[in-house]
>>> print(open('upload_26.pdb').read())   # PDB, C-alpha atoms and all ligand atoms
MODEL        1
ATOM      1  CA  MET X   1       0.000   0.000   0.000
ATOM      2  CA  THR X   2       1.311   3.470  -0.804
ATOM      3  CA  ALA X   3       1.341   6.343   1.651
ATOM      4  CA  SER X   4      -2.067   7.922   1.399
ATOM      5  CA  ALA X   5      -2.760  11.526   0.393
ATOM      6  CA  ARG X   6      -3.320  13.633   3.442
ATOM      7  CA  PRO X   7      -7.051  14.166   4.057
ATOM      8  CA  PRO X   8      -8.125  17.490   5.541
ATOM      9  CA  ARG X   9      -8.628  17.082   9.274
ATOM     10  CA  PRO X  10      -9.615  19.411  12.104
ATOM     11  CA  THR X  11      -6.578  18.294  14.075
ATOM     12  CA  LEU X  12      -2.963  19.335  14.505
ATOM     13  CA  LEU X  13       0.033  17.172  15.337
ATOM     14  CA  GLY X  14       1.666  18.257  18.571
ATOM     15  CA  GLN X  15       5.026  17.380  20.130
ATOM     16  CA  ASN X  16       6.260  13.969  19.068
ATOM     17  CA  GLN X  17       9.404  11.924  19.398
ATOM     18  CA  TYR X  18      10.416   8.383  18.722
ATOM     19  CA  GLY X  19      13.311   5.985  19.096
ATOM     20  CA  LYS X  20      14.265   2.696  20.692
ATOM     21  CA  ALA X  21      13.817   2.660  24.451
ATOM     22  CA  GLU X  22      15.922   0.615  26.862
ATOM     23  CA  THR X  23      18.592  -0.878  24.659
ATOM     24  CA  ARG X  24      20.668  -2.905  27.072
ATOM     25  CA  VAL X  25      24.325  -2.921  26.174
ATOM     26  CA  VAL X  26      27.162  -4.467  28.135
ATOM     27  CA  ARG X  27      30.673  -3.608  26.960
ATOM     28  CA  VAL X  28      33.610  -5.758  28.031
ATOM     29  CA  VAL X  29      37.158  -4.448  27.747
ATOM     30  CA  ARG X  30      39.728  -7.237  27.949
ATOM     31  CA  ASP X  31      43.014  -6.123  29.417
ATOM     32  CA  GLY X  32      44.733  -9.516  29.427
ATOM     33  CA  ASP X  33      43.079 -11.518  32.187
ATOM     34  CA  THR X  34      41.659  -8.400  33.799
ATOM     35  CA  HIS X  35      38.333  -7.443  32.311
ATOM     36  CA  HIS X  36      36.359  -4.243  32.750
ATOM     37  CA  ILE X  37      32.634  -3.943  32.132
ATOM     38  CA  ARG X  38      30.134  -1.140  31.688
ATOM     39  CA  ASP X  39      26.462  -1.999  31.716
ATOM     40  CA  LEU X  40      24.055   0.537  30.224
ATOM     41  CA  ASN X  41      20.388   0.887  29.439
ATOM     42  CA  VAL X  42      20.085   3.434  26.610
ATOM     43  CA  SER X  43      16.903   5.156  25.438
ATOM     44  CA  VAL X  44      16.897   7.237  22.259
ATOM     45  CA  ALA X  45      14.208   9.831  21.476
ATOM     46  CA  LEU X  46      14.449  11.688  18.151
ATOM     47  CA  SER X  47      12.338  14.534  16.826
ATOM     48  CA  GLY X  48      12.287  16.793  13.802
ATOM     49  CA  ALA X  49      10.525  16.802  10.433
ATOM     50  CA  MET X  50       8.194  13.948  11.283
ATOM     51  CA  ASP X  51       4.841  15.361  10.180
ATOM     52  CA  GLU X  52       4.481  13.101   7.156
ATOM     53  CA  VAL X  53       4.909   9.821   8.969
ATOM     54  CA  HIS X  54       2.079  10.791  11.294
ATOM     55  CA  LEU X  55      -0.181  12.472   8.740
ATOM     56  CA  SER X  56       0.243  10.539   5.484
ATOM     57  CA  GLY X  57       2.188   7.486   6.543
ATOM     58  CA  SER X  58       5.293   8.332   4.498
ATOM     59  CA  ASN X  59       8.310   6.866   6.270
ATOM     60  CA  ALA X  60      10.852   8.711   4.138
ATOM     61  CA  ASN X  61      12.200  10.773   7.069
ATOM     62  CA  VAL X  62      12.133   7.946   9.591
ATOM     63  CA  LEU X  63      15.469   6.629  10.736
ATOM     64  CA  THR X  64      14.036   3.451  12.204
ATOM     65  CA  THR X  65      14.029   2.700  15.896
ATOM     66  CA  ASP X  66      15.746  -0.527  14.893
ATOM     67  CA  THR X  67      18.608   1.522  13.410
ATOM     68  CA  THR X  68      18.907   3.589  16.573
ATOM     69  CA  LYS X  69      19.259   0.363  18.558
ATOM     70  CA  ASN X  70      21.902  -0.928  16.156
ATOM     71  CA  THR X  71      23.785   2.356  16.427
ATOM     72  CA  VAL X  72      23.982   1.982  20.201
ATOM     73  CA  TYR X  73      25.610  -1.436  19.818
ATOM     74  CA  ALA X  74      27.884  -0.360  16.963
ATOM     75  CA  PHE X  75      29.108   2.711  18.860
ATOM     76  CA  ALA X  76      29.763   0.591  21.948
ATOM     77  CA  GLN X  77      32.145  -1.480  19.826
ATOM     78  CA  LYS X  78      33.629   1.284  17.703
ATOM     79  CA  TYR X  79      34.207   3.951  20.341
ATOM     80  CA  GLY X  80      33.895   1.979  23.562
ATOM     81  CA  VAL X  81      31.709   2.862  26.511
ATOM     82  CA  THR X  82      33.173   5.390  28.869
ATOM     83  CA  ALA X  83      30.954   7.635  30.973
ATOM     84  CA  PRO X  84      27.212   7.551  30.220
ATOM     85  CA  GLU X  85      27.244  11.307  29.593
ATOM     86  CA  ALA X  86      29.979  10.951  26.943
ATOM     87  CA  PHE X  87      28.328   7.946  25.296
ATOM     88  CA  ALA X  88      25.007   9.800  25.158
ATOM     89  CA  ALA X  89      26.621  12.946  23.716
ATOM     90  CA  ARG X  90      28.280  10.944  20.931
ATOM     91  CA  LEU X  91      24.968   9.336  19.985
ATOM     92  CA  ALA X  92      23.068  12.626  20.111
ATOM     93  CA  ARG X  93      25.598  14.347  17.886
ATOM     94  CA  HIS X  94      25.517  11.450  15.425
ATOM     95  CA  PHE X  95      21.733  11.360  14.999
ATOM     96  CA  VAL X  96      21.361  15.120  14.632
ATOM     97  CA  SER X  97      24.324  15.618  12.303
ATOM     98  CA  SER X  98      23.767  12.588  10.035
ATOM     99  CA  GLN X  99      20.029  12.945   9.297
ATOM    100  CA  ASP X 100      18.604  16.131   7.825
ATOM    101  CA  ALA X 101      15.153  15.339   9.184
ATOM    102  CA  ILE X 102      16.299  15.002  12.783
ATOM    103  CA  GLY X 103      16.593  18.280  14.624
ATOM    104  CA  ARG X 104      16.825  17.083  18.179
ATOM    105  CA  ALA X 105      18.002  13.997  19.989
ATOM    106  CA  ARG X 106      17.447  13.144  23.628
ATOM    107  CA  ILE X 107      19.484  10.233  24.912
ATOM    108  CA  ARG X 108      18.777   8.801  28.349
ATOM    109  CA  VAL X 109      21.144   6.339  29.962
ATOM    110  CA  GLU X 110      21.007   4.294  33.139
ATOM    111  CA  GLU X 111      24.206   2.631  34.274
ATOM    112  CA  TYR X 112      24.297  -0.401  36.559
ATOM    113  CA  ALA X 113      27.360  -0.916  38.710
ATOM    114  CA  TRP X 114      29.345  -4.143  38.802
ATOM    115  CA  ASP X 115      31.962  -4.695  41.504
ATOM    116  CA  ARG X 116      34.722  -7.283  41.418
ATOM    117  CA  ILE X 117      34.067 -10.387  43.474
ATOM    118  CA  GLU X 118      36.591 -10.343  46.260
ATOM    119  CA  GLY X 119      37.889 -13.216  48.344
ATOM    120  CA  THR X 120      37.962 -13.210  52.106
ATOM    121  CA  ASP X 121      41.381 -11.537  51.861
ATOM    122  CA  GLY X 122      39.795  -8.582  50.029
ATOM    123  CA  ALA X 123      41.604  -9.301  46.744
ATOM    124  CA  PRO X 124      39.706 -10.002  43.492
ATOM    125  CA  VAL X 125      39.156 -13.755  43.052
ATOM    126  CA  THR X 126      39.621 -13.460  39.276
ATOM    127  CA  GLY X 127      39.916 -10.627  36.800
ATOM    128  CA  HIS X 128      36.569 -11.512  35.252
ATOM    129  CA  SER X 129      34.134 -12.155  38.128
ATOM    130  CA  PHE X 130      31.676  -9.455  39.115
ATOM    131  CA  VAL X 131      28.814  -8.966  41.534
ATOM    132  CA  ARG X 132      26.118  -6.477  40.675
ATOM    133  CA  GLY X 133      26.653  -3.445  42.896
ATOM    134  CA  GLY X 134      23.737  -3.175  45.275
ATOM    135  CA  ARG X 135      24.131   0.543  45.080
ATOM    136  CA  GLU X 136      22.297   3.247  43.252
ATOM    137  CA  THR X 137      21.630   3.443  39.528
ATOM    138  CA  ARG X 138      23.552   6.176  37.751
ATOM    139  CA  THR X 139      21.614   8.216  35.196
ATOM    140  CA  ALA X 140      22.443  10.620  32.376
ATOM    141  CA  GLU X 141      20.345  12.558  29.896
ATOM    142  CA  VAL X 142      21.798  14.504  26.984
ATOM    143  CA  VAL X 143      19.697  16.688  24.698
ATOM    144  CA  HIS X 144      21.248  18.161  21.536
ATOM    145  CA  ASP X 145      19.612  20.235  18.801
ATOM    146  CA  GLY X 146      22.581  20.742  16.508
ATOM    147  CA  SER X 147      23.976  23.721  18.396
ATOM    148  CA  SER X 148      23.140  23.665  22.102
ATOM    149  CA  TRP X 149      23.527  20.876  24.631
ATOM    150  CA  GLN X 150      21.801  20.098  27.874
ATOM    151  CA  VAL X 151      23.489  17.541  30.094
ATOM    152  CA  LEU X 152      21.749  16.183  33.171
ATOM    153  CA  ALA X 153      23.567  13.603  35.246
ATOM    154  CA  GLY X 154      22.125  11.898  38.261
ATOM    155  CA  LEU X 155      21.409   8.901  40.377
ATOM    156  CA  LYS X 156      18.396   7.114  41.788
ATOM    157  CA  ASP X 157      17.660   4.490  44.434
ATOM    158  CA  LEU X 158      20.472   5.580  46.743
ATOM    159  CA  VAL X 159      19.040   4.538  50.124
ATOM    160  CA  VAL X 160      20.362   6.383  53.176
ATOM    161  CA  LEU X 161      19.430   6.534  56.850
ATOM    162  CA  ASN X 162      20.372   8.598  59.906
ATOM    163  CA  SER X 163      19.424   6.829  63.139
ATOM    164  CA  THR X 164      19.434  10.137  65.072
ATOM    165  CA  ASP X 165      20.089  13.872  64.592
ATOM    166  CA  SER X 166      16.646  14.337  63.074
ATOM    167  CA  GLU X 167      13.737  16.208  64.656
ATOM    168  CA  PHE X 168      10.323  17.204  63.349
ATOM    169  CA  TRP X 169       8.126  19.556  65.353
ATOM    170  CA  GLY X 170       6.493  22.963  65.256
ATOM    171  CA  PHE X 171       4.464  22.108  62.167
ATOM    172  CA  ALA X 172       1.044  23.525  61.321
ATOM    173  CA  LYS X 173      -1.864  21.764  62.953
ATOM    174  CA  ASP X 174      -5.489  21.420  61.968
ATOM    175  CA  PRO X 175      -8.372  19.185  63.099
ATOM    176  CA  TYR X 176      -6.935  16.287  61.098
ATOM    177  CA  THR X 177      -3.422  16.434  62.529
ATOM    178  CA  THR X 178      -2.459  13.425  64.613
ATOM    179  CA  LEU X 179       1.318  13.305  64.018
ATOM    180  CA  LYS X 180       3.293  13.597  67.245
ATOM    181  CA  GLU X 181       6.153  16.027  67.436
ATOM    182  CA  THR X 182       9.547  14.425  67.865
ATOM    183  CA  THR X 183      13.021  15.590  68.812
ATOM    184  CA  ASP X 184      14.653  12.302  67.867
ATOM    185  CA  ARG X 185      13.602  10.212  64.902
ATOM    186  CA  ILE X 186      15.060   8.058  62.161
ATOM    187  CA  LEU X 187      15.457   9.953  58.895
ATOM    188  CA  ALA X 188      15.646   7.695  55.851
ATOM    189  CA  THR X 189      15.196   8.306  52.160
ATOM    190  CA  GLU X 190      15.918   6.953  48.717
ATOM    191  CA  VAL X 191      17.751   9.713  46.914
ATOM    192  CA  HIS X 192      16.747  10.566  43.360
ATOM    193  CA  ALA X 193      18.999  13.390  42.206
ATOM    194  CA  ARG X 194      19.651  15.092  38.903
ATOM    195  CA  TRP X 195      22.214  17.800  38.327
ATOM    196  CA  ARG X 196      22.565  20.064  35.325
ATOM    197  CA  PHE X 197      25.851  21.181  33.871
ATOM    198  CA  ALA X 198      26.200  24.859  32.964
ATOM    199  CA  ASP X 199      25.037  25.953  29.525
ATOM    200  CA  GLY X 200      27.902  26.289  27.106
ATOM    201  CA  LEU X 201      30.173  23.803  28.875
ATOM    202  CA  PRO X 202      31.849  21.628  26.219
ATOM    203  CA  VAL X 203      30.613  18.016  26.247
ATOM    204  CA  GLU X 204      33.681  16.536  24.568
ATOM    205  CA  GLY X 205      37.378  17.338  24.383
ATOM    206  CA  GLU X 206      39.153  20.153  26.171
ATOM    207  CA  GLY X 207      37.167  21.734  28.975
ATOM    208  CA  ALA X 208      34.602  18.918  29.111
ATOM    209  CA  PRO X 209      33.919  17.589  32.609
ATOM    210  CA  GLU X 210      35.618  14.378  33.744
ATOM    211  CA  TRP X 211      32.207  12.734  33.928
ATOM    212  CA  ASP X 212      33.122   9.731  36.089
ATOM    213  CA  ALA X 213      35.120  11.822  38.539
ATOM    214  CA  VAL X 214      32.380  14.451  38.803
ATOM    215  CA  TYR X 215      29.812  11.718  39.385
ATOM    216  CA  ALA X 216      31.829  10.306  42.276
ATOM    217  CA  GLU X 217      32.346  13.788  43.673
ATOM    218  CA  VAL X 218      28.660  14.748  43.556
ATOM    219  CA  ARG X 219      27.610  11.409  45.051
ATOM    220  CA  GLY X 220      30.114  11.995  47.861
ATOM    221  CA  HIS X 221      28.777  15.492  48.565
ATOM    222  CA  LEU X 222      25.158  14.309  48.603
ATOM    223  CA  LEU X 223      26.023  11.582  51.103
ATOM    224  CA  ALA X 224      28.216  13.837  53.247
ATOM    225  CA  ALA X 225      25.497  16.507  53.389
ATOM    226  CA  PHE X 226      22.844  13.949  54.321
ATOM    227  CA  ALA X 227      25.038  12.518  57.073
ATOM    228  CA  GLY X 228      26.354  15.858  58.293
ATOM    229  CA  THR X 229      23.130  17.841  58.488
ATOM    230  CA  TYR X 230      21.343  17.988  61.825
ATOM    231  CA  SER X 231      17.864  17.871  60.377
ATOM    232  CA  LEU X 232      14.753  19.729  61.456
ATOM    233  CA  SER X 233      12.915  18.456  58.359
ATOM    234  CA  LEU X 234      13.671  16.468  55.235
ATOM    235  CA  GLN X 235      13.093  19.717  53.330
ATOM    236  CA  GLN X 236      15.992  21.294  55.217
ATOM    237  CA  THR X 237      18.180  18.268  54.482
ATOM    238  CA  LEU X 238      17.225  18.485  50.804
ATOM    239  CA  PHE X 239      18.393  22.086  50.607
ATOM    240  CA  ALA X 240      21.638  21.243  52.417
ATOM    241  CA  MET X 241      22.345  18.392  49.981
ATOM    242  CA  GLY X 242      21.691  20.470  46.864
ATOM    243  CA  SER X 243      23.565  23.514  48.174
ATOM    244  CA  ARG X 244      26.619  21.500  48.997
ATOM    245  CA  VAL X 245      26.837  20.247  45.411
ATOM    246  CA  ILE X 246      26.380  23.732  43.947
ATOM    247  CA  GLU X 247      28.937  25.214  46.338
ATOM    248  CA  GLN X 248      31.555  22.500  45.909
ATOM    249  CA  VAL X 249      31.334  21.556  42.245
ATOM    250  CA  PRO X 250      31.988  24.269  39.676
ATOM    251  CA  GLY X 251      30.190  23.694  36.391
ATOM    252  CA  ILE X 252      26.967  22.463  37.989
ATOM    253  CA  ASP X 253      24.240  25.133  38.040
ATOM    254  CA  GLU X 254      21.181  23.222  39.225
ATOM    255  CA  VAL X 255      20.356  20.211  41.387
ATOM    256  CA  ARG X 256      16.910  18.670  41.579
ATOM    257  CA  LEU X 257      16.155  16.238  44.395
ATOM    258  CA  SER X 258      13.222  13.943  44.936
ATOM    259  CA  LEU X 259      13.299  12.419  48.410
ATOM    260  CA  PRO X 260      10.658   9.981  49.615
ATOM    261  CA  ASN X 261      10.450  10.115  53.393
ATOM    262  CA  LYS X 262      10.857   6.460  54.349
ATOM    263  CA  HIS X 263       8.939   6.681  57.586
ATOM    264  CA  HIS X 264      10.103   4.699  60.605
ATOM    265  CA  PHE X 265       7.409   4.666  63.252
ATOM    266  CA  LEU X 266       8.100   3.730  66.848
ATOM    267  CA  VAL X 267       6.221   0.561  67.744
ATOM    268  CA  ASP X 268       3.973   0.781  70.806
ATOM    269  CA  LEU X 269       5.282  -1.991  73.063
ATOM    270  CA  GLU X 270       3.340  -0.935  76.162
ATOM    271  CA  PRO X 271       0.676  -3.656  75.650
ATOM    272  CA  PHE X 272       3.512  -6.116  76.274
ATOM    273  CA  GLY X 273       4.763  -4.249  79.324
ATOM    274  CA  LEU X 274       7.911  -3.210  77.431
ATOM    275  CA  LYS X 275       9.597   0.170  77.112
ATOM    276  CA  ASN X 276      10.446   1.477  73.671
ATOM    277  CA  ASP X 277      13.105   4.100  74.140
ATOM    278  CA  ASN X 278      13.654   4.875  70.437
ATOM    279  CA  GLU X 279      14.809   1.344  69.742
ATOM    280  CA  VAL X 280      12.143  -0.621  67.856
ATOM    281  CA  TYR X 281      10.615   0.840  64.693
ATOM    282  CA  PHE X 282       8.119  -0.205  62.074
ATOM    283  CA  ALA X 283       9.560   0.604  58.637
ATOM    284  CA  ALA X 284       6.529   1.617  56.581
ATOM    285  CA  ASP X 285       6.845   1.382  52.815
ATOM    286  CA  ARG X 286       3.695   3.372  51.908
ATOM    287  CA  PRO X 287       2.282   5.891  51.937
ATOM    288  CA  TYR X 288       5.386   8.052  52.112
ATOM    289  CA  GLY X 289       5.954  11.766  52.233
ATOM    290  CA  LEU X 290       7.535  12.935  49.006
ATOM    291  CA  ILE X 291       9.800  15.920  49.392
ATOM    292  CA  GLU X 292      11.050  17.468  46.159
ATOM    293  CA  GLY X 293      12.945  20.602  45.311
ATOM    294  CA  THR X 294      15.446  22.377  43.099
ATOM    295  CA  VAL X 295      18.571  24.160  44.279
ATOM    296  CA  LEU X 296      20.068  26.696  41.880
ATOM    297  CA  ARG X 297      23.308  28.581  41.544
ATOM    298  CA  GLU X 298      22.530  32.259  41.934
ATOM    299  CA  GLY X 299      21.763  33.715  38.498
ATOM    300  CA  ALA X 300      20.961  30.343  36.912
ATOM    301  CA  THR X 301      17.555  29.558  35.453
ATOM    302  CA  ALA X 302      15.823  26.312  36.395
ATOM    303  CA  ALA X 303      15.666  23.852  33.501
ATOM    304  CA  ILE X 304      15.418  20.387  35.059
ATOM    305  CA  PRO X 305      11.857  19.102  34.610
ATOM    306  CA  THR X 306       9.955  19.041  37.882
ATOM    307  CA  ASP X 307       7.861  15.964  37.191
TER     308      ASP X 307
HETATM  309  O1  LIG P 401      10.680  16.030  57.317
HETATM  310  C1  LIG P 401       9.431  15.990  57.223
HETATM  311  N1  LIG P 401       8.796  16.901  56.445
HETATM  312  C2  LIG P 401       7.440  16.916  56.294
HETATM  313  O2  LIG P 401       6.872  17.777  55.564
HETATM  314  C3  LIG P 401       6.699  15.946  57.002
HETATM  315  N2  LIG P 401       5.375  15.664  57.081
HETATM  316  C4  LIG P 401       5.255  14.586  57.894
HETATM  317  O3  LIG P 401       4.154  14.031  58.186
HETATM  318  N3  LIG P 401       6.456  14.177  58.368
HETATM  319  C5  LIG P 401       7.394  15.007  57.800
HETATM  320  N4  LIG P 401       8.739  15.058  57.911
ENDMDL
END
>>> encode(input="upload_26.pdb", output="structure tokens")
Amino acid sequence: MTASARPPRPTLLGQNQYGKAETRVVRVVRDGDTHHIRDLNVSVALSGAMDEVHLSGSNANVLTTDTTKNTVYAFAQKYGVTAPEAFAARLARHFVSSQDAIGRARIRVEEYAWDRIEGTDGAPVTGHSFVRGGRETRTAEVVHDGSSWQVLAGLKDLVVLNSTDSEFWGFAKDPYTTLKETTDRILATEVHARWRFADGLPVEGEGAPEWDAVYAEVRGHLLAAFAGTYSLSLQQTLFAMGSRVIEQVPGIDEVRLSLPNKHHFLVDLEPFGLKNDNEVYFAADRPYGLIEGTVLREGATAAIPTD
């Protein structure tokens, strides 16, 4: 069947994008008997002159989602997989510069950590044995339109807990308020953070951030701020975490944090004739308070999506 002539319609095509989502690519680098692996989940979203495919069914401008998947694998072989930000930037540049119809590419990457399996002496058992890191998932998102770049790096599922140094009191009260004030509680959350590199920062070559080193640095500051803040609310901790990153890491203009409050409620042990002096808690998984916010460098404009 041929692409049909476009019938008149009382409708307009709005924003659209397409590409292969969640291409899983594992790259092994063999350095003799010592292997190195990087494990990514890559999602490509392309947009541009795509009216015809939606309106008449002509696929002439469509670089297929299958091709975008193949490109991820081919680039992993050809150029290797270094930092997710760099891998995403290379893909974004390729799609936008090689296809006239594509004006914008958004590449999202998740990276899963693998640690070496160590023996009881702490040394690696082999050069090729790994255990999936039970840590957070690293994230990156690069958007390129042929001239400008937006690079968001981040992490999710980083679970942290302070067993003291957290209070929550003095809050507004209404007829539905039952929460007790506390001057000593557990504060726990699962950090979802994204940070945006300054506009105009090169993404490749001289002057580009050392992505892996910056990631480790930001992660360290988020953890240190969580641990080091005497908290009167999770909101206050959020601001301390974001501020520390902005203050300590040049080149990052914005940090967005989404922090579920993983409530730990003291269990009432009185029915059993037992004291509970802040020792036994019920870890509730839902519902949870969800505390979210953006911290900006002075003069910067917020650009990380809030949803
Ligand atoms: O740190 C907190 N912030 C809140 O806004 C809130 N609300 C709530 O019930 N507990 C907490 N804790």
>>> resolve_selection(input="upload_26.pdb", expression="the PyMOL selection byres (((chain X and resi 37) around 12) and not hetatm)", output="PyMOL selection string")
chain X and resi 25-31+34-36+38-40+76+80-83+111-116+127-132
>>> closest_residue(input="upload_26.pdb", among="X:Leu232, X:Ala89, X:Val191, X:Val280", to="ligand LIG 401 (chain P)", atoms="only C-alpha atoms and all ligand atoms")
X:Leu232
>>> atom_distance(input="upload_26.pdb", atom1="atom CA of Ala172 of chain X", atom2="atom CA of Ile291 of chain X")
16.6 Å
>>> residues_near_ligand(input="upload_26.pdb", ligand="ligand LIG 401 (chain P)", cutoff="8 Å", atoms="all atoms listed in the file", output="ChimeraX atom specification")
/X:167-168,179,187,232-236,261,263,289,291
>>> closest_residue(input="upload_26.pdb", among="X:Val218, X:Leu158, X:Ala300, X:Leu63", to="Ser258 of chain X", atoms="all atoms listed in the file")
X:Leu158
>>> resolve_selection(input="upload_26.pdb", expression="the PyMOL selection byres (((chain X and resi 215) around 10) and not hetatm)", output="list of chain:residue names")
X:Ala83, X:Arg138, X:Thr139, X:Ala153, X:Gly154, X:Leu155, X:Trp195, X:Pro209, X:Glu210, X:Trp211, X:Asp212, X:Ala213, X:Val214, X:Ala216, X:Glu217, X:Val218, X:Arg219, X:Gly220, X:His221
>>> residues_near_point(input="upload_26.pdb", point="(16.9, 21.0, 45.1)", cutoff="10 Å", atoms="only C-alpha atoms", output="PyMOL selection string")
chain X and resi 193-195+235+237-243+245-246+254-259+291-296
>>> closest_residue(input="upload_26.pdb", among="X:Tyr79, X:Leu274, X:Ala105, X:Gln150", to="Ile304 of chain X", atoms="only C-alpha atoms")
X:Gln150
>>> atom_distance(input="upload_26.pdb", atom1="atom CA of Leu266 of chain X", atom2="atom CA of Asp285 of chain X")
14.3 Å
>>> resolve_selection(input="upload_26.pdb", expression="the PyMOL selection byres (((chain X and resi 277) around 12) and not hetatm)", output="ChimeraX atom specification")
/X:184-185,266-270,274-276,278-281
>>> axis_aligned_box(input="upload_26.pdb", around="segment 133-141 of chain X", padding_each_side="5 Å", output="JSON")
{"center_x": 23.5, "center_y": 4.6, "center_z": 37.6, "size_x": 16.3, "size_y": 26.0, "size_z": 25.4}
>>> atom_distance(input="upload_26.pdb", atom1="atom CA of Asp145 of chain X", atom2="atom CA of Val96 of chain X")
6.8 Å
>>> residues_around(input="upload_26.pdb", residues="Gly103 of chain X", least_positions_apart="4", cutoff="12 Å", atoms="all atoms listed in the file", output="ChimeraX atom specification")
/X:17,45-50,61,92-99,143-148
>>> residues_around(input="upload_26.pdb", residues="Thr65 of chain X", least_positions_apart="5", cutoff="8 Å", atoms="all atoms listed in the file", output="PyMOL selection string")
chain X and resi 18-20
>>> write_last_selection(input="upload_26.pdb", atoms="C-alpha atoms", output="PDB file, keeping the file's coordinate frame")
ATOM      1  CA  TYR X  18      10.416   8.383  18.722  1.00  0.00           C
ATOM      2  CA  GLY X  19      13.311   5.985  19.096  1.00  0.00           C
ATOM      3  CA  LYS X  20      14.265   2.696  20.692  1.00  0.00           C
TER       4      LYS X  20
END
>>> residues_near_point(input="upload_26.pdb", point="(27.4, 13.7, 28.4)", cutoff="7 Å", atoms="all atoms listed in the file", output="list in words")
Pro84, Glu85, Ala86, Phe87, Ala88, Ala89, Val142, Val151 and Val203 of chain X
>>> closest_residue(input="upload_26.pdb", among="X:Thr71, X:Asn162, X:Leu152, X:Thr126", to="Ala224 of chain X", atoms="all atoms listed in the file")
X:Asn162
>>> closest_residue(input="upload_26.pdb", among="X:Phe75, X:Trp149, X:Phe265, X:Phe171", to="Arg104 of chain X", atoms="only C-alpha atoms")
X:Trp149
>>> residues_around(input="upload_26.pdb", residues="Val159 of chain X", least_positions_apart="3", cutoff="9 Å", atoms="only C-alpha atoms", output="ChimeraX atom specification")
/X:135-136,156,188-191
>>> closest_residue(input="upload_26.pdb", among="X:Ser58, X:Asp199, X:Leu91, X:Pro8", to="Asn70 of chain X", atoms="only C-alpha atoms")
X:Leu91
